[in-house]
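Just my_file07.txt here, compact mmCIF, C-alpha atoms:
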```txt
# COMPACT_ATOMS: atom_id res chain seq x y z
CA MET A 1 6.86 -13.28 15.36
CA LEU A 2 5.07 -16.35 14.03
CA ASP A 3 1.37 -16.86 13.47
CA GLN A 4 -0.40 -20.21 13.93
CA PHE A 5 0.58 -21.22 10.39
CA GLN A 6 4.26 -20.56 11.10
CA ARG A 7 4.43 -17.50 8.87
CA LYS A 8 6.91 -14.88 10.03
CA ILE A 9 4.95 -11.64 10.54
CA GLU A 10 7.28 -8.66 10.51
CA TYR A 11 5.58 -6.07 8.30
CA LEU A 12 3.13 -3.47 9.66
CA ARG A 13 1.17 -1.21 7.32
CA ILE A 14 0.03 1.88 9.20
CA SER A 15 -2.78 4.11 7.97
CA VAL A 16 -2.34 7.57 9.44
CA THR A 17 -5.54 9.02 7.93
CA ASP A 18 -8.67 8.01 6.07
CA ARG A 19 -8.68 11.30 4.18
CA CYS A 20 -7.61 11.55 0.56
CA ASN A 21 -7.30 14.30 -2.03
CA LEU A 22 -8.50 11.96 -4.81
CA ARG A 23 -11.74 10.03 -5.36
CA CYS A 24 -10.63 7.00 -7.39
CA ILE A 25 -13.48 5.08 -9.00
CA TYR A 26 -12.47 1.68 -7.59
CA CYS A 27 -11.82 3.06 -4.10
CA MET A 28 -14.63 5.47 -3.25
CA PRO A 29 -18.23 6.02 -4.38
CA VAL A 30 -18.83 9.19 -6.38
CA GLU A 31 -20.25 10.99 -3.34
CA GLY A 32 -17.13 10.11 -1.35
CA VAL A 33 -17.24 8.73 2.19
CA GLN A 34 -17.86 10.32 5.54
CA TRP A 35 -14.52 11.02 7.21
CA MET A 36 -13.84 9.66 10.66
CA PRO A 37 -14.04 12.25 13.47
CA HIS A 38 -10.62 13.62 14.38
CA ASP A 39 -10.81 12.22 17.91
CA SER A 40 -11.35 8.74 16.46
CA ILE A 41 -8.02 8.85 14.62
CA LEU A 42 -4.91 7.73 16.44
CA SER A 43 -2.57 10.55 17.38
CA PHE A 44 0.99 10.38 16.09
CA GLU A 45 2.16 9.78 19.65
CA GLU A 46 -0.15 6.76 19.90
CA ILE A 47 1.08 5.38 16.59
CA LEU A 48 4.72 5.81 17.63
CA ARG A 49 4.02 3.94 20.85
CA LEU A 50 2.50 1.05 18.90
CA MET A 51 5.48 1.04 16.55
CA ARG A 52 7.85 0.71 19.50
CA ILE A 53 5.76 -2.12 20.95
CA SER A 54 5.64 -3.91 17.60
CA THR A 55 9.44 -3.84 17.21
CA GLN A 56 9.65 -5.71 20.52
CA LEU A 57 7.62 -8.46 18.83
CA GLY A 58 9.89 -8.63 15.80
CA PHE A 59 8.27 -6.19 13.38
CA ARG A 60 10.96 -4.64 11.20
CA ARG A 61 9.19 -3.29 8.11
CA PHE A 62 6.81 -0.34 8.30
CA ARG A 63 4.78 1.23 5.51
CA ILE A 64 2.89 4.47 6.09
CA THR A 65 -0.37 4.70 4.13
CA GLY A 66 -3.75 6.41 4.14
CA GLY A 67 -6.07 7.52 2.63
CA GLU A 68 -3.35 9.83 1.44
CA PRO A 69 -0.73 10.05 4.21
CA LEU A 70 0.86 13.28 2.98
CA VAL A 71 -2.32 15.30 3.60
CA ARG A 72 -2.11 14.80 7.36
CA LYS A 73 -0.73 17.81 9.21
CA GLY A 74 2.53 17.07 11.01
CA ILE A 75 3.37 14.03 8.89
CA LEU A 76 7.05 14.97 8.43
CA ASP A 77 7.67 15.32 12.18
CA PHE A 78 6.02 11.93 12.71
CA LEU A 79 8.15 10.32 10.02
CA ARG A 80 11.34 11.71 11.56
CA GLU A 81 10.48 10.11 14.89
CA GLY A 82 9.31 6.83 13.39
CA ALA A 83 12.43 6.39 11.28
CA ILE A 84 14.76 6.38 14.29
CA ILE A 85 12.85 3.89 16.46
CA PRO A 86 15.26 1.06 17.34
CA GLY A 87 14.38 -2.02 15.32
CA VAL A 88 12.92 -0.17 12.34
CA GLU A 89 14.88 -1.47 9.36
CA ASP A 90 12.62 -0.62 6.43
CA PHE A 91 10.58 2.59 6.51
CA MET A 92 8.38 3.30 3.49
CA ILE A 93 5.43 5.31 2.34
CA THR A 94 2.64 4.78 -0.20
CA THR A 95 1.17 7.91 -1.78
CA ASN A 96 -0.88 9.04 -4.76
CA GLY A 97 2.01 11.33 -5.62
CA LEU A 98 0.17 14.63 -5.91
CA LEU A 99 2.21 16.24 -3.12
CA LEU A 100 5.56 14.64 -3.99
CA PRO A 101 6.84 17.50 -6.17
CA LYS A 102 7.22 19.66 -3.07
CA MET A 103 7.72 16.92 -0.46
CA ALA A 104 10.01 14.26 -1.95
CA PHE A 105 13.26 15.76 -0.61
CA ASP A 106 11.64 16.40 2.78
CA LEU A 107 10.55 12.75 2.96
CA LYS A 108 14.08 11.59 2.28
CA ALA A 109 15.45 13.96 4.91
CA ALA A 110 12.87 12.68 7.41
CA GLY A 111 14.18 9.13 7.06
CA VAL A 112 11.80 7.60 4.54
CA GLN A 113 13.81 5.10 2.52
CA ARG A 114 11.54 4.39 -0.41
CA VAL A 115 8.20 5.26 -1.90
CA ASN A 116 5.34 3.56 -3.75
CA ILE A 117 3.31 5.83 -6.01
CA SER A 118 -0.18 4.93 -7.18
CA LEU A 119 -0.53 5.79 -10.87
CA ASP A 120 -3.05 3.96 -13.06
CA THR A 121 -2.72 6.12 -16.16
CA MET A 122 -0.40 8.71 -17.68
CA ASP A 123 -3.16 10.25 -19.80
CA SER A 124 -4.46 13.50 -18.33
CA GLU A 125 -8.11 13.07 -19.33
CA ARG A 126 -8.18 9.44 -18.25
CA PHE A 127 -6.52 10.38 -14.95
CA ARG A 128 -9.37 12.79 -14.21
CA ALA A 129 -11.89 10.11 -15.17
CA ILE A 130 -10.29 7.56 -12.80
CA THR A 131 -9.53 9.90 -9.89
CA ARG A 132 -12.37 12.39 -10.53
CA VAL A 133 -9.98 15.22 -9.52
CA GLY A 134 -6.32 16.11 -9.81
CA GLU A 135 -3.70 16.52 -12.53
CA VAL A 136 -1.55 13.60 -13.65
CA SER A 137 1.31 15.98 -14.48
CA SER A 138 1.79 16.56 -10.73
CA VAL A 139 2.10 12.83 -10.08
CA ILE A 140 4.56 12.31 -12.93
CA GLN A 141 6.62 15.23 -11.67
CA GLY A 142 6.51 13.63 -8.22
CA VAL A 143 7.86 10.36 -9.62
CA PHE A 144 10.96 12.06 -10.98
CA ARG A 145 11.41 14.26 -7.92
CA SER A 146 11.47 11.07 -5.86
CA LEU A 147 14.26 9.70 -8.04
CA GLU A 148 16.17 12.97 -7.67
CA ALA A 149 15.72 12.88 -3.90
CA GLY A 150 17.30 9.44 -3.67
CA LEU A 151 14.24 7.53 -2.54
CA ASP A 152 15.21 4.03 -3.62
CA PRO A 153 13.53 2.12 -5.05
CA VAL A 154 10.73 4.20 -6.50
CA LYS A 155 7.83 1.89 -7.30
CA ILE A 156 4.73 2.68 -9.33
CA ASN A 157 1.55 0.80 -8.49
CA VAL A 158 -0.82 0.30 -11.43
CA VAL A 159 -4.22 -1.23 -10.70
CA VAL A 160 -5.30 -2.76 -14.00
CA VAL A 161 -8.99 -2.38 -14.83
CA ARG A 162 -10.46 -3.87 -17.99
CA GLY A 163 -11.61 -1.26 -20.48
CA VAL A 164 -10.06 1.52 -18.44
CA ASN A 165 -6.28 1.33 -18.71
CA THR A 166 -5.35 -2.03 -20.28
CA ASP A 167 -4.22 -0.27 -23.46
CA GLU A 168 -1.65 1.73 -21.45
CA LEU A 169 0.33 -1.22 -20.13
CA PRO A 170 2.95 -0.92 -22.92
CA ASN A 171 3.48 2.74 -21.98
CA PHE A 172 4.35 1.72 -18.42
CA LEU A 173 6.67 -0.92 -19.82
CA LYS A 174 8.56 1.81 -21.70
CA LEU A 175 8.77 3.84 -18.50
CA ALA A 176 10.53 0.98 -16.70
CA LYS A 177 12.86 0.51 -19.66
CA GLN A 178 13.98 4.12 -19.83
CA TYR A 179 14.20 4.94 -16.11
CA PRO A 180 15.16 3.13 -12.87
CA LEU A 181 11.51 2.76 -11.91
CA HIS A 182 9.83 -0.43 -10.74
CA VAL A 183 6.34 -0.69 -12.20
CA ARG A 184 4.00 -3.17 -10.48
CA PHE A 185 0.77 -4.25 -12.16
CA ILE A 186 -1.88 -5.15 -9.58
CA GLU A 187 -5.01 -7.23 -9.99
CA LEU A 188 -8.23 -5.47 -9.04
CA MET A 189 -9.49 -6.72 -5.69
CA PRO A 190 -13.23 -6.84 -4.83
CA ILE A 191 -13.11 -4.64 -1.74
CA GLY A 192 -15.56 -1.85 -1.01
CA ILE A 193 -16.74 -0.08 -4.17
CA SER A 194 -14.68 -2.37 -6.43
CA SER A 195 -16.69 -5.36 -5.19
CA LYS A 196 -19.16 -4.46 -7.93
CA GLN A 197 -16.50 -4.53 -10.65
CA ARG A 198 -15.64 -8.22 -10.94
CA ALA A 199 -16.19 -8.09 -14.71
CA ASP A 200 -13.39 -5.52 -14.90
CA PHE A 201 -10.83 -7.92 -13.41
CA VAL A 202 -7.72 -8.66 -15.52
CA PRO A 203 -5.57 -11.63 -14.41
CA ILE A 204 -1.79 -11.38 -14.32
CA GLN A 205 -1.34 -13.90 -17.15
CA GLU A 206 -3.45 -11.75 -19.45
CA MET A 207 -1.41 -8.68 -18.47
CA LYS A 208 1.79 -10.50 -19.44
CA GLU A 209 0.27 -11.40 -22.78
CA LEU A 210 -0.77 -7.79 -23.40
CA LEU A 211 2.80 -6.74 -22.62
CA GLY A 212 4.29 -9.38 -24.90
CA LEU A 213 6.72 -10.50 -22.23
CA LYS A 214 8.72 -13.64 -23.01
CA GLU A 215 9.81 -15.61 -19.96
CA ASN A 216 13.06 -16.73 -21.57
CA ILE A 217 14.40 -13.16 -21.80
CA LEU A 218 13.65 -12.27 -18.18
CA THR A 219 15.75 -12.44 -15.08
CA GLN A 220 14.09 -12.78 -11.69
CA GLY A 221 14.73 -10.26 -8.96
CA ILE A 222 13.23 -9.35 -5.62
CA LEU A 223 12.87 -5.77 -4.44
CA GLY A 224 11.52 -5.28 -0.94
CA GLY A 225 9.57 -7.62 1.27
CA GLY A 226 6.19 -7.66 -0.42
CA PRO A 227 4.35 -10.18 -2.59
CA ALA A 228 5.31 -8.91 -6.06
CA GLU A 229 6.93 -11.18 -8.62
CA TYR A 230 9.57 -9.09 -10.42
CA VAL A 231 11.06 -9.53 -13.87
CA GLN A 232 13.64 -7.40 -15.65
CA PRO A 233 13.89 -7.65 -19.42
CA ARG A 234 17.35 -7.13 -20.89
CA GLY A 235 18.27 -3.49 -21.29
CA PHE A 236 15.75 -2.22 -18.76
CA LYS A 237 16.90 0.34 -16.20
CA GLY A 238 13.93 -0.59 -14.02
CA SER A 239 11.78 -3.67 -13.63
CA ILE A 240 8.24 -4.96 -13.98
CA GLY A 241 6.36 -6.48 -11.07
CA PHE A 242 3.10 -8.39 -10.83
CA ILE A 243 0.90 -8.63 -7.73
CA SER A 244 -1.53 -11.49 -8.22
CA ALA A 245 -3.84 -11.17 -5.23
CA MET A 246 -6.63 -13.00 -7.03
CA SER A 247 -5.41 -15.38 -9.75
CA ARG A 248 -2.52 -16.78 -7.74
CA HIS A 249 -2.77 -15.51 -4.22
CA PHE A 250 0.27 -15.36 -1.96
CA CYS A 251 -1.41 -15.92 1.40
CA ASP A 252 0.92 -18.75 2.42
CA THR A 253 3.82 -16.27 2.45
CA CYS A 254 1.96 -13.19 3.72
CA ASN A 255 4.09 -11.37 6.29
CA ARG A 256 1.93 -8.38 7.21
CA VAL A 257 -0.86 -6.96 9.32
CA ARG A 258 -2.53 -3.56 9.05
CA LEU A 259 -3.23 -0.81 11.55
CA THR A 260 -6.19 1.34 10.52
CA ALA A 261 -6.29 5.07 11.18
CA ASP A 262 -8.80 4.55 13.99
CA GLY A 263 -6.55 2.07 15.77
CA LYS A 264 -7.85 -1.32 14.62
CA LEU A 265 -5.29 -4.05 14.01
CA ARG A 266 -6.43 -5.97 10.94
CA PRO A 267 -4.66 -9.30 10.37
CA CYS A 268 -5.92 -9.70 6.77
CA LEU A 269 -6.91 -7.10 4.19
CA HIS A 270 -9.99 -9.08 3.17
CA SER A 271 -11.17 -10.13 6.61
CA LYS A 272 -13.57 -8.04 8.68
CA ASN A 273 -11.93 -9.28 11.88
CA GLU A 274 -10.11 -6.51 13.73
CA VAL A 275 -8.56 -6.04 17.16
CA SER A 276 -9.11 -2.59 18.66
CA LEU A 277 -5.99 -1.01 20.14
CA ARG A 278 -7.26 2.56 20.41
CA ASP A 279 -9.42 2.05 23.49
CA ALA A 280 -6.64 0.13 25.20
CA LEU A 281 -4.19 2.93 24.42
CA ARG A 282 -6.51 5.54 25.87
CA ASN A 283 -7.44 3.57 28.97
CA GLY A 284 -3.91 3.54 30.35
CA THR A 285 -3.20 -0.05 29.28
CA SER A 286 0.36 -1.22 29.86
CA ASP A 287 2.80 -2.03 27.07
CA GLU A 288 2.70 -5.66 28.17
CA ILE A 289 -1.05 -5.96 27.59
CA LEU A 290 -0.77 -4.11 24.28
CA ARG A 291 1.90 -6.61 23.23
CA ASP A 292 -0.53 -9.39 24.11
CA LEU A 293 -3.23 -7.79 21.95
CA PHE A 294 -0.76 -7.57 19.06
CA ALA A 295 0.20 -11.19 19.53
CA GLN A 296 -3.46 -12.31 19.62
CA ALA A 297 -4.19 -10.51 16.36
CA VAL A 298 -1.17 -12.03 14.65
CA TRP A 299 -1.97 -15.52 15.94
CA HIS A 300 -5.49 -15.33 14.53
CA LYS A 301 -4.37 -14.18 11.09
CA PRO A 302 -6.38 -16.39 8.69
CA ALA A 303 -4.73 -18.97 6.47
CA LYS A 304 -5.96 -17.22 3.32
CA HIS A 305 -8.35 -14.65 1.96
CA HIS A 306 -11.63 -15.53 0.27
CA MET A 307 -11.82 -12.78 -2.34
CA ASN A 308 -12.14 -15.35 -5.11
CA ASP A 309 -15.37 -16.58 -3.53
CA GLU A 310 -16.89 -13.44 -2.09
CA ALA A 311 -16.44 -9.69 -2.22
CA LEU A 312 -15.73 -7.72 0.92
CA GLN A 313 -18.58 -5.31 1.43
CA GLY A 314 -19.62 -3.35 4.46
CA GLN A 315 -18.72 -0.15 6.21
CA ARG A 316 -15.08 0.24 5.19
CA VAL A 317 -13.75 1.10 1.73
CA MET A 318 -10.11 0.69 0.76
CA SER A 319 -9.12 4.22 1.84
CA GLN A 320 -10.39 3.42 5.34
CA ILE A 321 -8.51 0.11 5.61
CA GLY A 322 -5.11 1.34 4.60
CA GLY A 323 -4.46 -0.56 1.37
```

Target encoding structure tokens, full file:
Amino acid sequence: MLDQFQRKIEYLRISVTDRCNLRCIYCMPVEGVQWMPHDSILSFEEILRLMRISTQLGFRRFRITGGEPLVRKGILDFLREGAIIPGVEDFMITTNGLLLPKMAFDLKAAGVQRVNISLDTMDSERFRAITRVGEVSSVIQGVFRSLEAGLDPVKINVVVVRGVNTDELPNFLKLAKQYPLHVRFIELMPIGISSKQRADFVPIQEMKELLGLKENILTQGILGGGPAEYVQPRGFKGSIGFISAMSRHFCDTCNRVRLTADGKLRPCLHSKNEVSLRDALRNGTSDEILRDLFAQAVWHKPAKHHMNDEALQGQRVMSQIGG
């Protein structure tokens, strides 16, 4: 369906939980956040109903996120049902990768087509410093298990933070050269706890310079329906992607809205405006009215974000929005 700026909105990011088994420094404060009560979270049945309604409006791409989606009990059964909904053409999941070593093949069997794995460092000590908990070896093992399972493509999301992991960018470049992995470098966005880290922001152009990439030896390619700009140097089995949410935002081509774990439809990641679907779901509202609520949210999707001018602070951190 189209919004008021004639953008085709067909991509729904669904957060199935606000809980996470990591505590990343740019996502959560050191004390963590208070989890939403279980009865505030949409049930899988409610999410599946909203997915079916959204396909009637033209949504075709669905990404399951969190928090960490793989920690939610019953996630595989939900994925099996979601994957076979008529109209679902692209069914994906974003994860921190800790549980992939034992779940990658199950995800593929459940109908998940591809996976994005958040991995900001391959150094074990630095991983603990960034995430506060966890072992990077489990995530790296999960990356290769995903390749073995046939999840395709396997993408690695690297949030670049000045003074934290900028020196590791060449290591990720080598990873994409040696294996069919698609590494995406992402600009730090001032949302939640990271709103206080503007000085740590690294623009895409600086990342390219750190990588020593030469435009004349690159070929352009597009993988998936997101905002990344992909390049593939000669001889690479994988590719390098750049997501420039800040230095060169892509709002004029944005094709997505987000559904939070507590049932709020959020037309823009940076905006505080949300349309509540949970109460309507639980009050016996018809599919027709729910479609109207969806349509209203999409129509009022803003022309662009304002992260360059102001940080998004308030009650929600990134793990509660759904990334």

If we count all atoms listed in the file, what is near region 285-295 of chain A at a cut-off of 12 Å, once residues fewer than 5 positions away on the same chain are taken out, given as a PyMOL selection string? chain A and resi 1-4+9-10+12+46+49-59+257-259+263-267+274-280+300-301

Show me, as CSV, the residues of region 39-94 of chain A having an atom within 9 Å of region 21-30 of chain A, each with the closest atom pair and its distance in Å, using all atoms listed in the file.
```
residue,atom,partner,partner_atom,distance
A:Gly67,CA,A:Asn21,CA,8.3
A:Glu68,CA,A:Asn21,CA,6.9
A:Val71,CA,A:Asn21,CA,7.6
```

So how many Å separate CA of Lys237 (chain A) and CA of Lys174 (chain A), to one decimal?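 Calculated distance between CA of Lys237 (chain A) and CA of Lys174 (chain A) is 10.1 Å.
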
Between CA of Arg162 (chain A) and CA of Leu99 (chain A), distance in Å (one decimal):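 We find that CA of Arg162 (chain A) and CA of Leu99 (chain A) lie 28.0 Å from each other.
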
With distances taken over only C-alpha atoms, the candidate from A:Pro302, A:Pro86, A:Pro190, A:Gly142 nearest Asp252 (chain A) is A:Pro302

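Comparing the minimum interatomic distances between Lys73 (chain A) and each of A:Val164, A:Met189, A:Val16, A:Met246, counting all atoms listed in the file, we find that A:Val16 sits nearest.
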
Which residues of region 43-127 of chain A come within 12 Å of region 176-182 of chain A, and what is each one's closest atom pair and distance in Å (one decimal), counting only C-alpha atoms, sorted by chain and residue number, as CSV?
```
residue,atom,partner,partner_atom,distance
A:Arg114,CA,A:His182,CA,11.5
A:Val115,CA,A:His182,CA,10.6
A:Asn116,CA,A:His182,CA,9.2
A:Ile117,CA,A:His182,CA,10.2
A:Ser118,CA,A:His182,CA,11.9
```

For the atom pair CA of Asp18 (chain A) and CA of Pro37 (chain A), what is the interatomic distance in Å to one decimal place?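 Spanning CA of Asp18 (chain A) to CA of Pro37 (chain A) is a straight-line distance of 10.1 Å.
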
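Using all atoms listed in the file for every distance, the candidate list A:Lys208, A:Arg63, A:Arg80, A:Arg126 yields A:Arg126 as the residue closest to Gly163 (chain A).
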